[in-house]
Structure formats: C-alpha cells, structure tokens
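Asks: What follows is a single structure, and I will ask about it in a moment.
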Amino acid sequence: MANSEHTRRTFFGITGGAAAMVIVRPANATPAMLQAAIRNVVGEANVRSGKVKLDIPPLVENGNTVPMTVSVTSPMTADEYVKSIHVFNEKNPQPNIGNFYLGPRAGRAQVSTRIRLADSQKVTAIARLSDDTFWSVTADVVVTLAACTEEAI
Amino acid sequence: MPSALINVPKKAKRGDVIEIKTLMSHIMETGYRHTASGSVVPRDIITSFTCRFNGTEVFRADLFPAIAANPFITFFTTVTESGKFEFEWIGDKGFSETAQASITVE
C-alpha cells in the first residue's frame, strides 16, 4: 500500500535525522572553556582549595535532576562573609551552572539547588569571600542516564 | 501557567537565621536539544532569581541551562524585623514572575 510505504519512508527519514543529530550536537565544554568561565569570575586571583563543601551524590541515575548543596565555612559577620558562590561543570555544553550572591545577612553560607549533568564529570564550586579570596572544591559525579541527550518531540 | 512554591517560616525570633525554599515551575529548555527533524529547540530558561526583604536584596542567583527544570533554590537569611519577602524570577521570552511571603519577628 502506498500509504504504508510512505510511513516507512517517513520513519527512516526520522531515524536518519536522529543519526545525523549525534554528529551535529554541540561539543561538550572543554577544559579550556571551563578555565575561561572560571577566569571570568575570579580574574587573575589565585583559587585555593578548602573552606567550601559540595554535597552532591557521587553516583546519580538521572542527570536531569541532581540535588546539590554548597556550603562555605564562614562566620558570616559584617567583616567576614561570603560574597558569592559559583558552580561550574566540566562536560555539559556550557561550563556554568549557577552564580549565587549572598551577603553578611545571609547568616549561613549555604545554597541548594538541582542541576543537570550531561555526563559523568567533575563539578566545581568556587566561593568568593569578603576579602576577595577565592576558595574551591571539586567533586566527581558518575551519571548513568545523562541529561540533555534525549530528543524533544 | 507558572506557579511558585515558597517556604518561609511564619514566625522567627529576632536575629534567627531562617531557611527559605523556593520552587518555580518552568521547563528550563536548555537550547541544546533537537527535535526529531533536527532543528534546535530554542532556549527558554529562567536567567535570574532575586529575593528582597522589605525592598533590600538579600539573595540573588544567575541561572544557566544546567539548572534542572522547575528551579528549586534554597538559601538562608537573618531576620531582624517583621516584614515581607519578595521573590522575582526573570527569564527568556519575557518570563517574569513574582511571589511574596511575610514573616513575623518577635
């Protein structure tokens, strides 16, 4: 039947398109992009490790929604507080995840949200303190079902 | 229809550090997905979230496509007086939503 032939052709057309899509999909963020994104935030300043804690599951089944909590050791007084927290990833199409701006009246330097991870990768959180020093922590996350890869209908 | 869920304690003691939880319904379309025909689904995300207390900004966030759908954000703030929290989400395609919550400080 001409009708069913048409359906089959349409089907192959769609699957062919899907195969091509794999090739044209934007490249993942490269380490250079990650470095550039971090430099954008910290400028020339030195980033030291410590003070920041990143709570994220080491193994996640679904990369579409990964709970994450960043906390920073700080007295959060008018003289000594956390100005901002910046979260980056290594392999999503874009290296930024979020920037969070706090102040002395936050009381506690802690932020939680849910993020997307396109692949197993490193997640880095950087905190800017009131004295303009930067502190960071990096966590490895293994993702079994990646985000961003499914087709939209 | 966008809708916000806000969790702010009704009452607190002066000087308490309280936790605020917010959720805004939004698809957060990344702009990196394709349809079956290969065309890119345009980006549609919330780019900015702000919380003000009695008009003063207490928390702000820049969001990127790597934030999961229905952005859920929790943070802390110190309360010194009774007043009103105002929450604002701004995004692509002219998205703009606000919500409010009051707190009584004893």
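Starting from 1 in every chain, residues are counted up; chains themselves are A, B, ... following the order of the structure tokens, and ligands are numbered from 1 as listed.
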For chain B, which residues have at least one atom within 6 Å of chain A, if we go by only C-alpha atoms? Write them as a short mmCIF file (atom, residue, chain, number, x, y, z; two decimals) with N, CA and C atoms, in the first residue's frame, please.

Replies:
data_model
loop_
_atom_site.label_atom_id
_atom_site.label_comp_id
_atom_site.auth_asym_id
_atom_site.auth_seq_id
_atom_site.Cartn_x
_atom_site.Cartn_y
_atom_site.Cartn_z
N VAL B 17 18.56 32.82 62.05
CA VAL B 17 18.89 32.52 60.65
C VAL B 17 17.81 31.56 60.16
N HIS B 34 17.33 18.84 20.30
CA HIS B 34 16.85 18.91 18.93
C HIS B 34 15.53 18.16 18.82
N THR B 35 14.74 18.58 17.86
CA THR B 35 13.53 17.81 17.55
C THR B 35 13.91 16.65 16.64
N PHE B 59 19.33 38.04 48.48
CA PHE B 59 19.89 36.90 47.77
C PHE B 59 19.58 37.05 46.29
N ARG B 60 20.55 36.66 45.46
CA ARG B 60 20.34 36.73 44.02
C ARG B 60 21.07 35.57 43.37
N ALA B 61 20.54 35.07 42.29
CA ALA B 61 21.19 33.97 41.58
C ALA B 61 21.08 34.17 40.08
N ASP B 62 22.18 33.86 39.36
CA ASP B 62 22.15 33.78 37.90
C ASP B 62 22.00 32.30 37.56
N LEU B 63 21.01 31.98 36.76
CA LEU B 63 20.79 30.58 36.42
C LEU B 63 21.21 30.32 34.97
N PHE B 64 21.66 29.09 34.72
CA PHE B 64 22.11 28.68 33.39
C PHE B 64 21.32 27.43 32.99
N ALA B 66 22.10 24.55 32.88
CA ALA B 66 22.43 23.38 33.71
C ALA B 66 21.61 23.32 35.00
N ILE B 67 20.70 24.28 35.20
CA ILE B 67 19.79 24.18 36.34
C ILE B 67 18.59 23.35 35.90
N ALA B 68 18.21 22.39 36.73
CA ALA B 68 17.15 21.45 36.35
C ALA B 68 15.81 22.18 36.19
N PHE B 72 14.61 24.88 41.81
CA PHE B 72 14.41 24.78 43.25
C PHE B 72 15.66 25.37 43.88
N ILE B 73 15.48 26.42 44.66
CA ILE B 73 16.63 27.10 45.25
C ILE B 73 16.34 27.30 46.74
N THR B 74 17.28 26.91 47.56
CA THR B 74 17.13 27.21 48.98
C THR B 74 18.35 27.99 49.45
N PHE B 75 18.10 28.89 50.38
CA PHE B 75 19.18 29.72 50.92
C PHE B 75 18.78 30.18 52.32
N PHE B 76 19.67 30.93 52.95
CA PHE B 76 19.44 31.36 54.33
C PHE B 76 19.47 32.87 54.44
N THR B 77 18.80 33.38 55.46
CA THR B 77 18.90 34.81 55.72
C THR B 77 18.65 35.06 57.20
N THR B 78 19.19 36.18 57.68
CA THR B 78 18.99 36.56 59.08
C THR B 78 17.81 37.53 59.15
#

Asks: Please report, as a count of residues only, each residue of chain B to which DSSP assigns strand (DSSP E or B) when run on this structure's backbone.

Replies: 61

Asks: Do a neighbour search on region 119-123 of chain A at 9 Å with only C-alpha atoms, toss out local chain neighbours closer than 6 positions, and write the hits as a CSV table (one decimal) with C-alpha atoms, in the first residue's frame.

Replies:
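Written output follows (part.csv):
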chain,number,residue,atom,x,y,z
A,54,LEU,CA,30.0,20.5,47.9
A,56,ILE,CA,26.3,16.0,45.6
A,59,LEU,CA,26.5,8.3,41.7
A,63,GLY,CA,21.4,13.5,35.2
A,87,VAL,CA,29.3,26.4,40.4
A,88,PHE,CA,30.8,25.0,37.2
A,89,ASN,CA,30.8,21.7,35.4
A,90,GLU,CA,33.3,20.1,33.1
A,91,LYS,CA,31.3,18.4,30.3
A,92,ASN,CA,27.9,20.0,29.9
A,137,VAL,CA,36.2,22.3,45.9
A,138,THR,CA,35.6,19.7,43.2
A,139,ALA,CA,33.5,16.6,43.3
A,140,ASP,CA,33.3,13.7,40.9
A,141,VAL,CA,29.9,12.6,39.8
A,142,VAL,CA,29.1,9.4,37.9
A,143,VAL,CA,25.9,9.8,35.8
A,144,THR,CA,24.2,6.7,34.4
A,145,LEU,CA,21.4,8.5,32.5
A,146,ALA,CA,22.7,11.7,31.0
A,147,ALA,CA,20.7,14.9,30.8

Asks: Rounded to one decimal, what separation in Å do you get between CA of Val42 (chain A) and CA of Met76 (chain A)?

Replies: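 These two atoms are separated by 20.6 Å.
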
Asks: For Lys53 (chain A), find every residue with an atom within 8 Å (counting only C-alpha atoms), except residues of its own chain fewer than 5 positions away, and show them as a list of chain:residue names.

Replies: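 What passes the distance filter is A:Val70, A:Ser71, A:Val72, A:Val137.
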
Asks: Name the closest residue to Pro71 (chain B) among the candidates B:Val58, B:Cys51, B:Leu23, B:Ala99; distances are taken between atoms, counting only C-alpha atoms.

Replies: B:Leu23

Asks: Excluding Lys11 (chain B) and residues on its chain fewer than 2 positions from it, collect all residues at most 7 Å away from it, counting only C-alpha atoms, and give them as a list in words.

Replies: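 The residues that qualify are Pro9, Ile103, Thr104 and Val105 of chain B.
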
Asks: Print the selection's residues with C-alpha atoms to a file, as a PDB file, in the first residue's frame.

Replies:
ATOM      1  CA  PRO B   9       8.670  30.306  58.426  1.00  0.00           C
ATOM      2  CA  ILE B 103       7.295  36.856  58.433  1.00  0.00           C
ATOM      3  CA  THR B 104       6.592  37.989  61.991  1.00  0.00           C
ATOM      4  CA  VAL B 105       9.671  38.583  64.098  1.00  0.00           C
TER       5      VAL B 105
END

Asks: Calculate how many Å separate CA of Trp89 (chain B) from CA of Tyr32 (chain B), rounding to one decimal.

Replies: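 Between CA of Trp89 (chain B) and CA of Tyr32 (chain B) the gap works out to 21.9 Å.
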
Asks: If you measure from CA of Asp16 (chain B) to CA of Ile90 (chain B), what distance in Å do you get, rounded to one decimal?

Replies: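 Between CA of Asp16 (chain B) and CA of Ile90 (chain B) the gap works out to 29.0 Å.
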